[in-house]
file run16.cif (mmCIF, C-alpha atoms and all ligand atoms)
data_upload
#
loop_
_atom_site.label_atom_id
_atom_site.label_comp_id
_atom_site.auth_asym_id
_atom_site.auth_seq_id
_atom_site.Cartn_x
_atom_site.Cartn_y
_atom_site.Cartn_z
CA MET A 269 -7.65 3.78 77.82
CA LYS A 270 -9.29 2.37 74.70
CA LYS A 271 -10.47 4.86 72.08
CA LYS A 272 -14.11 4.61 71.03
CA ALA A 273 -15.08 4.58 67.36
CA LEU A 274 -18.65 4.85 66.16
CA LEU A 275 -19.28 3.49 62.66
CA ILE A 276 -22.39 4.60 60.76
CA ASN A 277 -24.06 3.35 57.61
CA PRO A 278 -25.89 6.53 56.48
CA TYR A 279 -29.36 7.33 55.18
CA ILE A 280 -30.25 7.09 51.50
CA GLU A 281 -32.20 9.96 49.93
CA ASP A 282 -33.60 9.11 46.52
CA PHE A 283 -36.79 8.46 44.54
CA THR A 284 -36.29 4.70 44.95
CA ALA A 285 -34.10 2.30 46.90
CA TYR A 286 -34.32 -1.43 47.50
CA ASP A 287 -32.20 -3.71 49.63
CA LEU A 288 -30.61 -5.89 46.97
CA TRP A 289 -28.00 -7.25 49.40
CA LEU A 290 -26.84 -3.70 50.01
CA LYS A 291 -24.11 -4.08 52.64
CA PRO A 292 -21.50 -1.59 53.89
CA LEU A 293 -18.68 -4.10 53.44
CA GLY A 294 -16.00 -1.42 53.90
CA LEU A 295 -17.37 -0.54 57.35
CA TYR A 296 -17.20 -4.16 58.47
CA LYS A 297 -13.57 -4.25 57.39
CA LEU A 298 -12.91 -0.94 59.13
CA SER A 299 -14.39 -2.37 62.32
CA TYR A 300 -11.91 -5.27 62.14
CA ALA A 301 -8.99 -2.92 61.46
CA LEU A 302 -9.89 -0.55 64.30
CA LYS A 303 -10.40 -3.38 66.79
CA LYS A 304 -6.93 -4.67 65.87
CA ASN A 305 -5.70 -1.18 66.79
CA ASN A 306 -7.31 -1.51 70.22
CA PHE A 307 -10.45 0.56 69.55
CA ASP A 308 -13.86 -0.10 71.07
CA VAL A 309 -16.24 -0.16 68.11
CA SER A 310 -19.97 0.64 68.05
CA PHE A 311 -22.09 0.46 64.92
CA ILE A 312 -25.32 2.15 63.88
CA ASP A 313 -26.74 0.85 60.64
CA LEU A 314 -29.43 3.31 59.56
CA LEU A 315 -30.55 0.83 56.89
CA ASP A 316 -31.01 -1.99 59.39
CA MET A 317 -34.60 -3.06 58.89
CA SER A 318 -34.45 -5.37 61.92
CA HIS A 319 -34.37 -2.26 64.15
CA PRO A 320 -37.31 -2.32 66.64
CA SER A 321 -38.67 0.99 65.28
CA ILE A 322 -39.34 -0.52 61.83
CA PRO A 323 -42.90 -1.65 61.01
CA LYS A 324 -43.30 -5.37 60.15
CA LYS A 325 -44.12 -4.62 56.51
CA PHE A 326 -40.54 -3.39 56.06
CA SER A 327 -38.66 -5.57 58.51
CA LYS A 328 -39.75 -8.79 56.84
CA LYS A 329 -37.09 -9.92 54.38
CA ARG A 330 -37.55 -12.28 51.49
CA GLU A 331 -35.98 -15.71 51.97
CA ASN A 332 -33.00 -14.65 49.85
CA GLY A 333 -32.20 -11.75 52.20
CA THR A 334 -33.47 -8.89 50.00
CA GLY A 335 -36.29 -6.57 51.00
CA LYS A 336 -37.77 -3.11 51.22
CA PHE A 337 -36.34 -0.21 53.17
CA TYR A 338 -38.55 1.79 55.49
CA TYR A 339 -38.89 5.35 54.19
CA GLU A 340 -40.35 8.75 54.94
CA TYR A 341 -41.28 11.32 52.31
CA ILE A 342 -39.06 14.40 52.13
CA PRO A 343 -39.09 17.40 49.78
CA LYS A 344 -37.52 16.75 46.38
CA PRO A 345 -34.33 18.79 45.84
CA GLU A 346 -35.24 21.60 43.45
CA ILE A 347 -32.47 20.77 41.00
CA LEU A 348 -34.13 17.43 40.19
CA PRO A 349 -36.84 17.41 37.53
CA ASN A 350 -40.32 16.22 38.30
CA ILE A 351 -40.35 12.55 37.29
CA GLY A 352 -43.71 11.60 38.74
CA ARG A 353 -42.25 10.00 41.86
CA ARG A 354 -41.92 11.34 45.38
CA PHE A 355 -38.53 11.82 47.01
CA LYS A 356 -37.79 9.80 50.14
CA ARG A 357 -35.35 9.27 52.95
CA TYR A 358 -34.71 5.56 53.43
CA GLY A 359 -33.65 4.25 56.83
CA ILE A 360 -34.79 4.12 60.44
CA PRO A 361 -36.83 7.13 61.69
CA ILE A 362 -34.73 10.14 62.68
CA SER A 363 -36.05 9.98 66.27
CA SER A 364 -34.72 6.38 66.51
CA PHE A 365 -31.35 7.45 65.12
CA LYS A 366 -31.11 10.16 67.77
CA GLU A 367 -31.95 7.64 70.51
CA GLU A 368 -29.28 5.26 69.20
CA LEU A 369 -26.71 8.06 69.21
CA LYS A 370 -27.56 8.96 72.80
CA LYS A 371 -26.96 5.33 73.86
CA ILE A 372 -23.30 5.46 72.72
CA LYS A 373 -21.24 6.70 75.64
CA ASN A 374 -18.61 9.29 74.71
CA PRO A 375 -17.38 8.16 71.30
CA ASP A 376 -14.08 9.74 70.22
CA ALA A 377 -14.74 9.77 66.48
CA VAL A 378 -17.46 8.85 63.99
CA PHE A 379 -16.75 7.05 60.70
CA ILE A 380 -19.36 7.17 57.93
CA THR A 381 -19.29 5.18 54.73
CA SER A 382 -20.87 6.04 51.37
CA SER A 383 -21.73 4.30 48.14
CA ILE A 384 -23.74 5.72 45.23
CA VAL A 385 -22.65 9.31 44.63
CA TYR A 386 -26.12 10.77 44.06
CA TRP A 387 -27.14 9.61 47.55
CA TYR A 388 -24.90 12.24 49.13
CA LYS A 389 -27.85 14.22 50.56
CA GLY A 390 -28.51 11.26 52.88
CA ILE A 391 -24.95 11.66 54.15
CA ILE A 392 -25.51 15.35 54.86
CA THR A 393 -28.68 14.51 56.82
CA THR A 394 -26.77 11.85 58.77
CA ILE A 395 -23.89 14.20 59.62
CA ASN A 396 -26.23 17.03 60.66
CA ILE A 397 -27.95 14.73 63.16
CA ILE A 398 -24.62 13.43 64.51
CA LYS A 399 -23.44 16.99 65.08
CA GLU A 400 -26.74 17.95 66.71
CA ILE A 401 -26.61 15.05 69.21
CA LEU A 402 -22.88 14.44 69.72
CA GLY A 403 -21.69 18.02 69.31
CA ASP A 404 -18.14 18.74 68.27
CA ILE A 405 -17.02 15.19 67.50
CA PRO A 406 -14.64 14.43 64.59
CA VAL A 407 -16.64 12.95 61.70
CA VAL A 408 -14.71 11.03 59.03
CA LEU A 409 -16.36 10.30 55.68
CA GLY A 410 -15.04 7.56 53.40
CA GLY A 411 -16.25 5.20 50.69
CA ILE A 412 -17.11 5.59 47.02
CA TYR A 413 -18.62 9.09 47.04
CA PRO A 414 -15.51 10.96 48.31
CA THR A 415 -13.31 8.72 46.17
CA LEU A 416 -15.14 9.84 43.02
CA TYR A 417 -16.20 13.35 44.07
CA TYR A 418 -13.58 14.36 46.64
CA HIS A 419 -14.04 18.13 46.46
CA HIS A 420 -17.81 17.94 46.45
CA SER A 421 -17.80 15.59 49.44
CA LYS A 422 -15.89 18.18 51.50
CA ASN A 423 -19.12 20.19 51.70
CA THR A 424 -21.06 17.54 53.59
CA GLY A 425 -20.11 18.74 57.07
CA ALA A 426 -17.59 15.91 57.59
CA ASP A 427 -14.40 17.05 59.35
CA PHE A 428 -12.22 14.61 57.43
CA VAL A 429 -12.79 13.15 54.00
CA VAL A 430 -10.96 9.97 53.03
CA LYS A 431 -10.40 9.16 49.37
CA GLY A 432 -9.62 5.64 48.14
CA ASN A 433 -8.82 2.57 50.23
CA PHE A 434 -9.01 3.29 53.95
CA GLU A 435 -5.99 1.06 54.59
CA GLU A 436 -3.76 3.73 53.01
CA ALA A 437 -5.84 6.88 53.43
CA LEU A 438 -7.05 6.58 57.02
CA PRO A 439 -3.82 6.31 59.11
CA PRO A 440 -2.85 10.02 58.67
CA VAL A 441 -6.41 11.05 59.61
CA LEU A 442 -6.33 8.84 62.72
CA GLU A 443 -2.99 10.35 63.63
CA GLU A 444 -4.43 13.85 63.33
CA ILE A 445 -7.43 12.97 65.50
CA PHE A 446 -5.67 10.89 68.15
CA GLY A 447 -2.13 12.27 68.03
CA LYS A 448 -0.42 8.93 67.50
CA LYS A 449 0.45 6.58 64.67
CA PHE A 450 -1.80 3.73 63.52
CA ALA A 451 -1.02 0.94 61.07
CA LEU A 452 -3.68 -0.73 58.95
CA ASP A 453 -1.32 -2.69 56.71
CA PHE A 454 -2.35 -6.21 57.72
CA GLU A 455 -4.81 -8.76 56.36
CA ILE A 456 -8.25 -7.29 57.00
CA TYR A 457 -11.39 -9.42 57.24
CA PRO A 458 -14.94 -8.09 57.53
CA ASP A 459 -16.01 -8.08 61.19
CA TYR A 460 -19.37 -9.88 61.11
CA SER A 461 -19.79 -9.60 64.88
CA ILE A 462 -21.22 -6.07 64.50
CA LEU A 463 -23.87 -7.25 62.02
CA LYS A 464 -27.42 -6.74 63.34
CA ASP A 465 -29.41 -8.60 60.71
CA LYS A 466 -27.71 -11.87 59.81
CA THR A 467 -30.01 -12.94 56.95
CA SER A 468 -27.47 -11.93 54.32
CA MET A 469 -24.01 -10.55 53.79
CA ALA A 470 -21.69 -9.55 50.95
CA ILE A 471 -18.28 -10.92 50.10
CA GLN A 472 -15.50 -9.79 47.78
CA THR A 473 -12.99 -12.33 46.54
CA SER A 474 -11.14 -9.66 44.54
CA LYS A 475 -10.63 -5.91 44.34
CA GLY A 476 -11.13 -3.73 41.26
CA CYS A 477 -11.76 -4.78 37.69
CA PRO A 478 -9.38 -5.76 34.85
CA TYR A 479 -11.70 -4.22 32.22
CA SER A 480 -12.32 -0.58 31.30
CA CYS A 481 -15.91 -0.08 30.15
CA SER A 482 -16.45 3.47 28.92
CA TYR A 483 -19.37 4.16 31.27
CA CYS A 484 -17.85 2.68 34.43
CA ALA A 485 -15.97 4.35 37.28
CA SER A 486 -14.52 1.12 38.68
CA LYS A 487 -10.92 2.09 37.81
CA LYS A 488 -11.32 5.41 39.62
CA ILE A 489 -12.57 3.63 42.72
CA GLU A 490 -9.96 0.89 42.65
CA PRO A 491 -7.20 1.43 40.03
CA LEU A 492 -5.63 -2.02 40.45
CA PHE A 493 -7.20 -5.42 39.99
CA PHE A 494 -6.29 -8.01 42.57
CA GLN A 495 -7.72 -11.44 43.37
CA PHE A 496 -7.32 -12.40 47.03
CA PRO A 497 -5.49 -15.67 47.77
CA LEU A 498 -7.59 -18.80 48.21
CA GLU A 499 -6.74 -19.07 51.93
CA TYR A 500 -8.01 -15.53 52.57
CA ASN A 501 -11.24 -16.17 50.70
CA LEU A 502 -11.85 -19.50 52.42
CA LYS A 503 -11.29 -17.94 55.84
CA ASN A 504 -13.95 -15.36 54.95
CA PHE A 505 -16.40 -18.11 54.06
CA GLU A 506 -15.56 -19.94 57.31
CA ASN A 507 -16.30 -16.73 59.22
CA LEU A 508 -19.63 -16.33 57.45
CA LYS A 509 -20.53 -19.89 58.32
CA ASN A 510 -19.55 -19.37 61.97
CA PHE A 511 -21.92 -16.40 62.13
CA LYS A 512 -24.67 -18.56 60.58
CA ILE A 513 -25.13 -16.21 57.62
CA LYS A 514 -27.01 -18.01 54.87
CA ASN A 515 -27.32 -15.63 51.91
CA ILE A 516 -24.07 -14.41 50.42
CA ALA A 517 -23.88 -11.80 47.67
CA PHE A 518 -20.69 -11.56 45.62
CA TYR A 519 -19.58 -7.93 45.26
CA ASP A 520 -16.72 -8.70 42.84
CA ASP A 521 -16.61 -6.57 39.69
CA ALA A 522 -15.18 -9.44 37.64
CA LEU A 523 -15.89 -12.60 39.63
CA LEU A 524 -15.26 -14.93 36.69
CA TYR A 525 -11.99 -13.42 35.50
CA ASN A 526 -9.15 -15.98 35.51
CA LYS A 527 -11.86 -18.51 36.34
CA GLU A 528 -9.68 -21.64 36.24
CA ASN A 529 -7.39 -20.29 38.96
CA HIS A 530 -9.94 -18.35 40.95
CA ILE A 531 -13.69 -18.93 41.14
CA LYS A 532 -13.60 -22.58 40.07
CA ILE A 533 -11.05 -23.39 42.78
CA ILE A 534 -13.04 -21.46 45.39
CA LEU A 535 -16.29 -23.21 44.48
CA LYS A 536 -14.67 -26.65 44.47
CA GLU A 537 -13.44 -25.98 48.02
CA ILE A 538 -16.86 -24.72 49.09
CA LYS A 539 -18.42 -27.87 47.68
CA LYS A 540 -15.93 -30.04 49.58
CA LYS A 541 -16.61 -28.22 52.83
CA ASN A 542 -20.38 -28.49 52.42
CA PHE A 543 -20.96 -24.91 53.57
CA ASN A 544 -24.61 -24.77 52.53
CA PHE A 545 -24.79 -21.08 51.58
CA SER A 546 -27.18 -19.52 49.07
CA PHE A 547 -25.20 -17.39 46.65
CA HIS A 548 -26.31 -14.33 44.71
CA THR A 549 -24.55 -12.26 42.04
CA PRO A 550 -26.15 -8.78 42.07
CA ASN A 551 -23.18 -7.26 40.22
CA GLY A 552 -23.72 -9.21 37.02
CA LEU A 553 -21.48 -11.91 35.59
CA ASP A 554 -19.67 -11.98 32.27
CA PRO A 555 -21.70 -14.59 30.34
CA ASN A 556 -18.78 -15.35 28.02
CA GLN A 557 -17.02 -17.05 30.94
CA ILE A 558 -19.82 -19.52 31.69
CA ASP A 559 -18.75 -22.97 30.56
CA GLU A 560 -20.27 -26.33 31.36
CA GLU A 561 -18.11 -26.95 34.42
CA LEU A 562 -18.83 -23.52 35.91
CA ALA A 563 -22.59 -23.85 35.42
CA VAL A 564 -22.47 -27.21 37.24
CA LEU A 565 -20.38 -25.72 40.06
CA PHE A 566 -22.92 -22.90 40.41
CA LYS A 567 -25.71 -25.43 40.76
CA GLU A 568 -23.80 -27.66 43.16
CA THR A 569 -22.82 -24.78 45.44
CA ASN A 570 -26.33 -23.30 45.42
CA PHE A 571 -26.14 -20.13 43.32
CA LYS A 572 -29.73 -18.95 43.71
CA THR A 573 -29.57 -15.60 41.94
CA ILE A 574 -27.51 -15.54 38.77
CA ARG A 575 -27.51 -12.25 36.93
CA LEU A 576 -25.60 -11.93 33.70
CA SER A 577 -24.37 -8.65 32.24
CA VAL A 578 -25.49 -9.20 28.70
CA ASP A 579 -25.08 -5.75 27.16
CA ILE A 580 -26.51 -7.13 23.90
CA LEU A 581 -27.42 -3.61 22.91
CA ASN A 582 -23.71 -2.79 22.62
CA LYS A 583 -23.18 -6.16 20.91
CA LYS A 584 -20.69 -7.28 23.56
CA VAL A 585 -22.58 -10.55 23.81
CA LYS A 586 -24.10 -12.11 20.73
CA TYR A 587 -27.45 -13.86 20.67
CA GLU A 588 -25.95 -17.08 19.29
CA ASN A 589 -23.29 -17.17 22.03
CA LEU A 590 -25.92 -16.65 24.70
CA LYS A 591 -27.86 -19.56 23.29
CA GLU A 592 -24.84 -21.84 23.83
CA ILE A 593 -24.22 -20.38 27.30
CA MET A 594 -27.82 -21.06 28.31
CA LYS A 595 -27.45 -24.69 27.25
CA ASN A 596 -24.78 -25.02 29.95
CA PHE A 597 -27.16 -23.67 32.58
CA PHE A 598 -30.04 -25.92 31.54
CA LYS A 599 -27.76 -28.95 31.44
CA ALA A 600 -26.63 -28.11 34.99
CA GLY A 601 -30.26 -28.17 36.15
CA TYR A 602 -31.37 -24.53 36.04
CA LYS A 603 -34.93 -23.95 34.86
CA GLU A 604 -36.34 -21.55 32.28
CA GLY A 605 -36.53 -18.05 33.77
CA GLU A 606 -34.20 -18.92 36.64
CA ILE A 607 -31.26 -17.14 35.04
CA GLU A 608 -31.56 -13.36 34.90
CA ALA A 609 -29.76 -10.76 32.83
CA TYR A 610 -29.17 -7.06 33.16
CA LEU A 611 -29.99 -4.97 30.13
CA LEU A 612 -28.09 -1.74 30.59
CA ILE A 613 -30.07 1.12 29.08
CA GLY A 614 -30.07 4.91 29.24
CA PHE A 615 -27.43 5.79 26.67
CA LEU A 616 -27.57 8.52 24.06
CA GLU A 617 -29.69 7.96 20.99
CA GLU A 618 -30.95 4.55 22.05
CA LYS A 619 -34.04 3.37 20.20
CA PHE A 620 -37.23 1.97 21.67
CA GLU A 621 -37.39 -0.76 19.03
CA GLU A 622 -33.89 -2.08 19.68
CA ILE A 623 -34.54 -2.37 23.42
CA LYS A 624 -37.86 -4.07 22.78
CA GLU A 625 -36.11 -6.52 20.47
CA ALA A 626 -33.47 -7.21 23.13
CA LEU A 627 -36.24 -7.96 25.67
CA TYR A 628 -37.78 -10.49 23.30
CA ASP A 629 -34.35 -11.98 22.53
CA LEU A 630 -33.76 -12.59 26.23
CA PHE A 631 -37.25 -14.00 26.64
CA ASN A 632 -36.70 -16.39 23.74
CA LEU A 633 -33.47 -17.51 25.37
CA LYS A 634 -35.51 -18.24 28.55
CA ILE A 635 -33.71 -15.49 30.45
CA LYS A 636 -35.55 -13.13 32.77
CA SER A 637 -34.54 -9.56 31.97
CA LYS A 638 -33.78 -6.79 34.47
CA PHE A 639 -33.13 -3.22 33.45
CA ALA A 640 -30.01 -1.52 34.76
CA TYR A 641 -29.93 2.21 34.16
CA PHE A 642 -26.91 4.16 33.04
CA SER A 643 -25.74 6.78 35.53
CA PRO A 644 -23.13 9.27 34.23
CA ILE A 645 -20.04 9.71 36.43
CA GLU A 646 -17.63 12.58 35.91
CA GLY A 647 -14.22 11.41 34.74
CA THR A 648 -15.41 8.34 32.83
CA LYS A 649 -14.86 8.06 29.07
CA ILE A 650 -18.53 8.36 28.26
CA TRP A 651 -18.76 11.53 30.36
CA GLU A 652 -16.49 13.25 27.84
CA THR A 653 -18.81 12.34 24.97
CA LEU A 654 -21.84 13.54 26.90
CA LYS A 655 -20.00 16.74 27.74
CA GLU A 656 -19.02 17.41 24.12
CA LYS A 657 -22.66 17.03 23.13
CA GLY A 658 -23.77 19.38 25.89
CA PHE A 659 -25.68 16.88 28.04
CA VAL A 660 -23.50 17.16 31.17
CA LYS A 661 -21.07 19.71 32.62
CA ASP A 662 -17.92 19.21 34.68
CA GLY A 663 -18.57 20.21 38.27
CA GLU A 664 -22.35 19.79 38.02
CA ASP A 665 -24.24 18.57 41.07
CA PRO A 666 -23.67 14.78 41.32
CA ILE A 667 -27.32 14.36 42.29
CA LEU A 668 -27.97 14.76 38.55
CA SER A 669 -26.29 11.36 38.05
CA ASN A 670 -29.46 9.78 39.43
CA LYS A 671 -30.15 6.66 37.38
CA LEU A 672 -33.82 7.60 36.86
CA LEU A 673 -33.04 10.85 35.06
CA PHE A 674 -31.77 9.54 31.72
CA PRO A 675 -35.16 9.72 29.94
CA TYR A 676 -35.30 13.41 30.93
CA ARG A 677 -31.69 14.32 30.15
CA PHE A 678 -30.47 12.40 27.12
CA LYS A 679 -31.81 12.00 23.62
CA GLY A 680 -32.65 8.35 23.83
CA ILE A 681 -35.59 6.64 25.43
CA LYS A 682 -38.41 8.98 26.45
CA PRO A 683 -40.29 8.60 29.78
CA GLU A 684 -43.43 7.16 28.15
CA GLU A 685 -41.33 4.73 26.10
CA LEU A 686 -39.57 3.51 29.24
CA LYS A 687 -42.95 2.91 30.83
CA GLU A 688 -44.02 0.82 27.88
CA LEU A 689 -40.76 -1.13 27.87
CA LYS A 690 -41.25 -1.92 31.55
CA ASN A 691 -44.76 -3.19 30.77
CA ILE A 692 -43.39 -5.42 28.03
CA GLN A 693 -40.67 -6.66 30.37
CA ASN A 694 -43.19 -7.49 33.13
CA PHE A 695 -45.46 -9.21 30.64
CA LEU A 696 -42.60 -11.41 29.38
CA ASN A 697 -41.05 -12.12 32.78
CA GLN A 698 -44.39 -13.16 34.26
CA LYS A 699 -44.54 -16.02 31.79
CA PHE A 700 -41.74 -17.75 33.67
CA ILE A 701 -42.62 -19.72 36.80
CA PHE A 702 -39.42 -18.53 38.51
S1 LIG B 1 -18.77 -2.25 33.97
FE1 LIG B 1 -18.14 -4.06 35.10
S2 LIG B 1 -16.72 -5.09 33.70
FE2 LIG B 1 -16.90 -2.99 32.96
S3 LIG B 1 -15.21 -1.90 33.96
FE3 LIG B 1 -17.02 -1.66 35.24
S4 LIG B 1 -16.89 -3.27 36.76
FE4 LIG B 1 -15.50 -3.80 35.08
#
call {"tool": "encode", "arguments": {"input": "run16.cif", "output": "structure tokens", "more": "lines below"}}
Ligand code: SF4
result
Amino acid sequence: MKKKALLINPYIEDFTAYDLWLKPLGLYKLSYALKKNNFDVSFIDLLDMSHPSIPKKFSKKRENGTGKFYYEYIPKPEILPNIGRRFKRYGIPISSFKEELKKIKNPDAVFITSSIVYWYKGIITTINIIKEILGDIPVVLGGIYPTLYYHHSKNTGADFVVKGNFEEALPPVLEEIFGKKFALDFEIYPDYSILKDKTSMAIQTSKGCPYSCSYCASKKIEPLFFQFPLEYNLKNFENLKNFKIKNIAFYDDALLYNKENHIKIILKEIKKKNFNFSFHTPNGLDPNQIDEELAVLFKETNFKTIRLSVDILNKKVKYENLKEIMKNFFKAGYKEGEIEAYLLIGFLEEKFEEIKEALYDLFNLKIKSKFAYFSPIEGTKIWETLKEKGFVKDGEDPILSNKLLFPYRFKGIKPEELKELKNIQNFLNQKFIF
């Protein structure tokens, strides 16, 4: 008899959350891998805003596939400071989750994914409800949170915690649960058939990142960098087309690395095949890689959201270089304000004036700015500096990594300064038509 696996995308508990093409890509791949191993797979996506219980205001997506998550207010965990915002649980109502669980007939095991580490309380809520409704069922937790905070994640109520890639880490767990061997060492594609809302999807044409930024945990999540072969990537795009998915977000950490042999070839093939997708790059692109040909390929293959990682505060990208890069975009047909850039802020001893200057620099370059907030992760290089200066402690609650806490924890931008910077940013961005 076939074994039954229930996959769950868990709740988020945070001050804020927005669906910026937030997709549990690992779960879709797991679905494919389990089906290949003769499992029956069911899927409950607690962040699925097309669920019938969700009010229209939240279920309506923007044309590009992004949108709000439905939420309910919950008490703020005491360890978090008061930041003038209420704490929320994002996802379908708990009563609807319970009903969905009751509809699944006798699952043999539940598999939960995870992403941002400081969202772990949403995982605990999810597991508590699963245990309440399904009783003594094996619950397996995987994804980024246990990969980065393995020991901490063992206290979530999950029966098994999987660290790293599931292809290697899951087979022994499956063997323990089902008493027989499973192999997941084959080419794994995301299984789009379980997708409820088909307005958008994510894709990864590579794994890991070849760089080692001091504040980033990418190497701890995926130690090796690997670009998938062209055939694999094209098959993924074919699958997306077959499922009539229009908006595609690239999840690659370094999409433009080795551009001549990777992204340019992929985009030329996409152009030839006339796929008609809308592409988005929520992870931020390395602007130094944008040349004239690439900017034209972006335009021809319909890149609708282009976000650059400018990091001009750390002087990784110089104003003069950005000026040249922007010429390529304008020549390719992009309009003023159509290109966006992340300004990563939240570091120690940052100054209000330098961030303000960076905002004006981006505006003068006709780039719309977006703030990205630094979130400290234990084990990164910058963590050690913060630790030496007494701002963080090893073993502290990962909820303190919340990206909104930096004005309250580090000696840099103060809360009222951040507010003013956001006002300046809005004022400047509103001047663009896009
Ligand atoms: S910040 Fe981006 S470029 Fe730097 S290591 Fe992380 S994923 Fe790579």
call {"tool": "residues_around", "arguments": {"input": "run16.cif", "residues": "Gly335 in chain A", "least_positions_apart": "2", "cutoff": "12 Å", "atoms": "all atoms listed in the file", "output": "ChimeraX atom specification"}}
result
/A:285-290,315-318,324-333,337-338,467-468
call {"tool": "write_last_selection", "arguments": {"input": "run16.cif", "atoms": "C-alpha atoms", "output": "JSON list (two decimals), keeping the file's coordinate frame"}}
result
[["chain", "number", "residue", "atom", "x", "y", "z"],
["A", 285, "ALA", "CA", -34.10, 2.30, 46.90],
["A", 286, "TYR", "CA", -34.32, -1.43, 47.50],
["A", 287, "ASP", "CA", -32.20, -3.71, 49.63],
["A", 288, "LEU", "CA", -30.61, -5.89, 46.97],
["A", 289, "TRP", "CA", -28.00, -7.25, 49.40],
["A", 290, "LEU", "CA", -26.84, -3.70, 50.01],
["A", 315, "LEU", "CA", -30.55, 0.83, 56.89],
["A", 316, "ASP", "CA", -31.01, -1.99, 59.39],
["A", 317, "MET", "CA", -34.60, -3.06, 58.89],
["A", 318, "SER", "CA", -34.45, -5.37, 61.92],
["A", 324, "LYS", "CA", -43.30, -5.37, 60.15],
["A", 325, "LYS", "CA", -44.12, -4.62, 56.51],
["A", 326, "PHE", "CA", -40.54, -3.39, 56.06],
["A", 327, "SER", "CA", -38.66, -5.57, 58.51],
["A", 328, "LYS", "CA", -39.75, -8.79, 56.84],
["A", 329, "LYS", "CA", -37.09, -9.92, 54.38],
["A", 330, "ARG", "CA", -37.55, -12.28, 51.49],
["A", 331, "GLU", "CA", -35.98, -15.71, 51.97],
["A", 332, "ASN", "CA", -33.00, -14.65, 49.85],
["A", 333, "GLY", "CA", -32.20, -11.75, 52.20],
["A", 337, "PHE", "CA", -36.34, -0.21, 53.17],
["A", 338, "TYR", "CA", -38.55, 1.79, 55.49],
["A", 467, "THR", "CA", -30.01, -12.94, 56.95],
["A", 468, "SER", "CA", -27.47, -11.93, 54.32]]
call {"tool": "residues_near_ligand", "arguments": {"input": "run16.cif", "ligand": "ligand LIG 1 (chain B)", "cutoff": "6 Å", "atoms": "only C-alpha atoms and all ligand atoms", "output": "ChimeraX atom specification"}}
result
/A:477,479-481,484,486,521
call {"tool": "residues_around", "arguments": {"input": "run16.cif", "residues": "His420 in chain A", "least_positions_apart": "2", "cutoff": "12 Å", "atoms": "only C-alpha atoms", "output": "PyMOL selection string"}}
result
chain A and resi 385-386+388-389+392+413-418+422-426+429+431+646+662-667
call {"tool": "atom_distance", "arguments": {"input": "run16.cif", "atom1": "CA of Val564 in chain A", "atom2": "CA of Ala600 in chain A"}}
result
4.8 Å
call {"tool": "residues_around", "arguments": {"input": "run16.cif", "residues": "Glu592 in chain A", "least_positions_apart": "5", "cutoff": "12 Å", "atoms": "only C-alpha atoms", "output": "list in words"}}
result
Pro555, Asn556, Gln557, Ile558, Asp559, Glu560, Ala563, Val585, Lys586, Tyr587, Phe597, Phe598, Lys599 and Leu633 of chain A
call {"tool": "closest_residue", "arguments": {"input": "run16.cif", "among": "A:Tyr519, A:Lys514, A:Leu612, A:Lys503", "to": "Asn570 in chain A", "atoms": "all atoms listed in the file"}}
result
A:Lys514
call {"tool": "atom_distance", "arguments": {"input": "run16.cif", "atom1": "CA of Ser321 in chain A", "atom2": "CA of Gly359 in chain A"}}
result
10.4 Å
